[in-house]
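What follows is a set of notes on a single structure, which appears directly below.
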Amino acid sequence: MALVLGIESSCDESAAAIVDGAAPDLASRIVAQHIASQDEAHRPYGGVVPEIAARAHAEKLAPLIEATLADAGLQLGDLDAIAATAGPGLIGGVMVGLVTAKALAMAGDKPLLAVNHLEGHALSPRLADPTLEYPYCLLLVSGGHCQLLEVRGVGDYRRLATTIDDALGEAFDKTAKLLGLGYPGGPAVERLALEGDSTAVPLPRPLVGTGDPNFSFAGLKSAVARAKASGASADADIAASFQRAAIDCVLDRTRRALAGLSGMTALVVAGGVAANQAMRAALEGLARERGLRFVAPPPALCTDNAAMIAWAGAERLAAGHRDPLDFAARPRWPLDEAAAPVRGAGVKA
Ligand code: KG4
Ligand code: ZN
């Protein structure tokens, strides 16, 4: 394992990080990192505006990379490889990051790793916890995805379930918007939920109890909209009831997926929504119930960051992977390419 620079630009975080793949623990594995959130730029629009995002990445990435190298006391020549998110995500931003990585790889004569952003999330728990071994059951919950995966090894992912409509982070963001909490919504809903009664507003648990472990959140979101429009409930009660319903769905679906698996080393959660403390606590309880270890990266490694991209690059490099300098950005890029498409899924990256 090696010194790898990672670049992330698939959504609204511009980030650079250098990881040392050979270091023994999280503290020493992340040699340096810089992250610039674009929240302020997108806030007036209530969501990410792709054109604004791409321009901001183009402005911010070079100084972020320079600062990261300076903090690490390293120069381009000291690195073993350059990794960047090559998809899925907003294509303009992905292209900015990927072309930056290609230029550095060419200038420094270094291997390029074109990393699937979802693989970054999927392997981030191994960056955080060196004792986590394959295979593990992963719940990947972000702004664009809600999947259960069997992570068998680097580049070896079997999709067990996905959402047939909205992603979980999207449901949190839409709930936040309905409650006037602004963007990004997940952390705001979680904060407001702490002040509410999670049993106050009756909300549906879509697909709970069904045979395959797929997810659906569109009906839950509509029910939240009706609850808000009726004016009968306090916002904090709606937030708490929504979060409880979402967690109930996740628990039921994950329990269903685990029932069909054997030999897992752990139940693992990753992606932006994994930063949610109530969700983590509930999943930890499920892991205990199943006699499994529970692993969740620290919240800062759950939301988009470049350390997870650098780490996925380091794992791929160690496994002998290299990508060509003409690798084309992929706005859609499933982790399990063999998985059959599910109605309505994969609409957003
Ligand atoms: O992984 P991520 O940073 O970006 C994507 O790749 O999508 O995930 C962002 C998503 C957003 O929908 C955000 O609202 C949600 O993760 N999120 C949370 C929390 N923190 C971030 N959702 C619930 N609770 C949180 N604490
Ligand atoms: Zn992400």
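Chains: A, B, ... in order of the structure tokens. Residues: from 1 per chain. Ligands: from 1, in order shown.
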| message | as a ChimeraX atom specification, please: every residue in segment 173-319 of chain A that DSSP puts in helix (DSSP H, G or I). | response | /A:173-178,185-193,218-230,235-259,272-275,277-289,299-302,307-318
| request: Check which residues fall inside 10 Å of ligand 1 when counting only C-alpha atoms and all ligand atoms, and print them as an NGL selection string. | output: :A and (10-13 or 47 or 88-89 or 117-118 or 120-121 or 140-146 or 167-176 or 183-191 or 243 or 246 or 270-280 or 299-305 or 348-349)
The selected residues should be written to file as a PDB file, in the first residue's frame (atoms: C-alpha atoms).
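Output (again-v1.pdb):
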```
ATOM      1  CA  SER A  10     -18.907  14.557  -7.864  1.00  0.00           C
ATOM      2  CA  CYS A  11     -21.426  16.730  -6.049  1.00  0.00           C
ATOM      3  CA  ASP A  12     -21.055  19.834  -3.893  1.00  0.00           C
ATOM      4  CA  GLU A  13     -17.866  19.153  -1.952  1.00  0.00           C
ATOM      5  CA  GLY A  47     -30.342  22.147  -3.774  1.00  0.00           C
ATOM      6  CA  PRO A  88     -21.330   8.537 -10.716  1.00  0.00           C
ATOM      7  CA  GLY A  89     -22.316  12.138 -10.082  1.00  0.00           C
ATOM      8  CA  HIS A 117     -17.589   7.344  -5.900  1.00  0.00           C
ATOM      9  CA  LEU A 118     -19.769   4.566  -4.473  1.00  0.00           C
ATOM     10  CA  GLY A 120     -15.176   5.236  -2.066  1.00  0.00           C
ATOM     11  CA  HIS A 121     -18.170   5.078   0.303  1.00  0.00           C
ATOM     12  CA  LEU A 140     -24.903   2.478   1.528  1.00  0.00           C
ATOM     13  CA  VAL A 141     -27.131   5.470   2.203  1.00  0.00           C
ATOM     14  CA  SER A 142     -26.370   8.807   0.553  1.00  0.00           C
ATOM     15  CA  GLY A 143     -28.058  11.656  -1.272  1.00  0.00           C
ATOM     16  CA  GLY A 144     -28.325   9.665  -4.487  1.00  0.00           C
ATOM     17  CA  HIS A 145     -28.264   6.035  -3.352  1.00  0.00           C
ATOM     18  CA  CYS A 146     -29.856   3.579  -0.981  1.00  0.00           C
ATOM     19  CA  ALA A 167     -32.673   7.667  -2.077  1.00  0.00           C
ATOM     20  CA  LEU A 168     -32.730   7.972   1.709  1.00  0.00           C
ATOM     21  CA  GLY A 169     -30.687  11.198   1.789  1.00  0.00           C
ATOM     22  CA  GLU A 170     -33.048  12.618  -0.810  1.00  0.00           C
ATOM     23  CA  ALA A 171     -35.995  11.820   1.497  1.00  0.00           C
ATOM     24  CA  PHE A 172     -34.234  13.632   4.359  1.00  0.00           C
ATOM     25  CA  ASP A 173     -33.477  16.603   2.082  1.00  0.00           C
ATOM     26  CA  LYS A 174     -37.071  16.812   0.801  1.00  0.00           C
ATOM     27  CA  THR A 175     -38.456  16.574   4.323  1.00  0.00           C
ATOM     28  CA  ALA A 176     -36.124  19.398   5.328  1.00  0.00           C
ATOM     29  CA  TYR A 183     -30.164  22.778   2.519  1.00  0.00           C
ATOM     30  CA  PRO A 184     -28.461  20.388   3.193  1.00  0.00           C
ATOM     31  CA  GLY A 185     -31.377  18.843   4.999  1.00  0.00           C
ATOM     32  CA  GLY A 186     -30.225  15.654   6.715  1.00  0.00           C
ATOM     33  CA  PRO A 187     -28.386  17.191   9.662  1.00  0.00           C
ATOM     34  CA  ALA A 188     -31.170  19.790  10.136  1.00  0.00           C
ATOM     35  CA  VAL A 189     -33.891  17.101  10.266  1.00  0.00           C
ATOM     36  CA  GLU A 190     -31.819  15.103  12.735  1.00  0.00           C
ATOM     37  CA  ARG A 191     -31.400  18.147  15.005  1.00  0.00           C
ATOM     38  CA  GLN A 243     -36.853   9.920  10.963  1.00  0.00           C
ATOM     39  CA  ALA A 246     -37.190   5.979   7.741  1.00  0.00           C
ATOM     40  CA  ALA A 270     -21.551   4.220   4.939  1.00  0.00           C
ATOM     41  CA  GLY A 271     -22.587   7.279   2.913  1.00  0.00           C
ATOM     42  CA  GLY A 272     -23.841  10.677   4.042  1.00  0.00           C
ATOM     43  CA  VAL A 273     -26.925   9.436   5.921  1.00  0.00           C
ATOM     44  CA  ALA A 274     -24.653   7.154   7.972  1.00  0.00           C
ATOM     45  CA  ALA A 275     -23.699  10.339   9.819  1.00  0.00           C
ATOM     46  CA  ASN A 276     -27.170  10.194  11.439  1.00  0.00           C
ATOM     47  CA  GLN A 277     -26.734   9.148  15.087  1.00  0.00           C
ATOM     48  CA  ALA A 278     -30.230   7.673  15.506  1.00  0.00           C
ATOM     49  CA  MET A 279     -29.691   5.537  12.397  1.00  0.00           C
ATOM     50  CA  ARG A 280     -26.323   4.341  13.655  1.00  0.00           C
ATOM     51  CA  PRO A 299     -19.409  11.106  10.495  1.00  0.00           C
ATOM     52  CA  ALA A 300     -16.840  13.244   8.638  1.00  0.00           C
ATOM     53  CA  LEU A 301     -15.870  10.170   6.611  1.00  0.00           C
ATOM     54  CA  CYS A 302     -19.532   9.312   5.899  1.00  0.00           C
ATOM     55  CA  THR A 303     -20.316  12.498   3.986  1.00  0.00           C
ATOM     56  CA  ASP A 304     -18.445  13.146   0.754  1.00  0.00           C
ATOM     57  CA  ASN A 305     -14.691  13.498   1.209  1.00  0.00           C
ATOM     58  CA  LYS A 348     -29.964  10.308  -9.702  1.00  0.00           C
ATOM     59  CA  ALA A 349     -26.278   9.697  -9.106  1.00  0.00           C
TER      60      ALA A 349
END
```
| field | DSSP-assigned strand (DSSP E) among segment 147-233 of chain A, expressed as a ChimeraX atom specification | value | /A:147-153,156-162
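Among the candidates A:Leu292, A:Ala314, A:Leu127, A:Ile82, the one nearest to Ala27 of chain A when counting only C-alpha atoms is A:Leu127.
Computed from the coordinates, the atom CA of Ala306 of chain A to atom CA of Ala81 of chain A distance equals 14.0 Å.
The neighbours of segment 61-73 of chain A here are the residues that come within 7 Å of it, using only C-alpha atoms and leaving out any residue fewer than 4 positions away in the same chain; they are Ser14, Ala15, Ala16, Ala17, Val31, Ala32, Gln33, His34 and His57 of chain A.
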| field | Polymer residues at most 12 Å from Ser216 of chain A, only C-alpha atoms, same-chain spacing of 5 or more positions, as number ranges by chain | value | A: 145-147, 161-168, 170-171, 204-208, 210, 221-222, 245-246, 249-250, 253, 342-345
| query | With only C-alpha atoms and all ligand atoms as the basis for distance, which of A:Gly87, A:Gly46, A:Pro111, A:Pro24 is at the shortest distance from ligand 2? | reply | A:Gly87
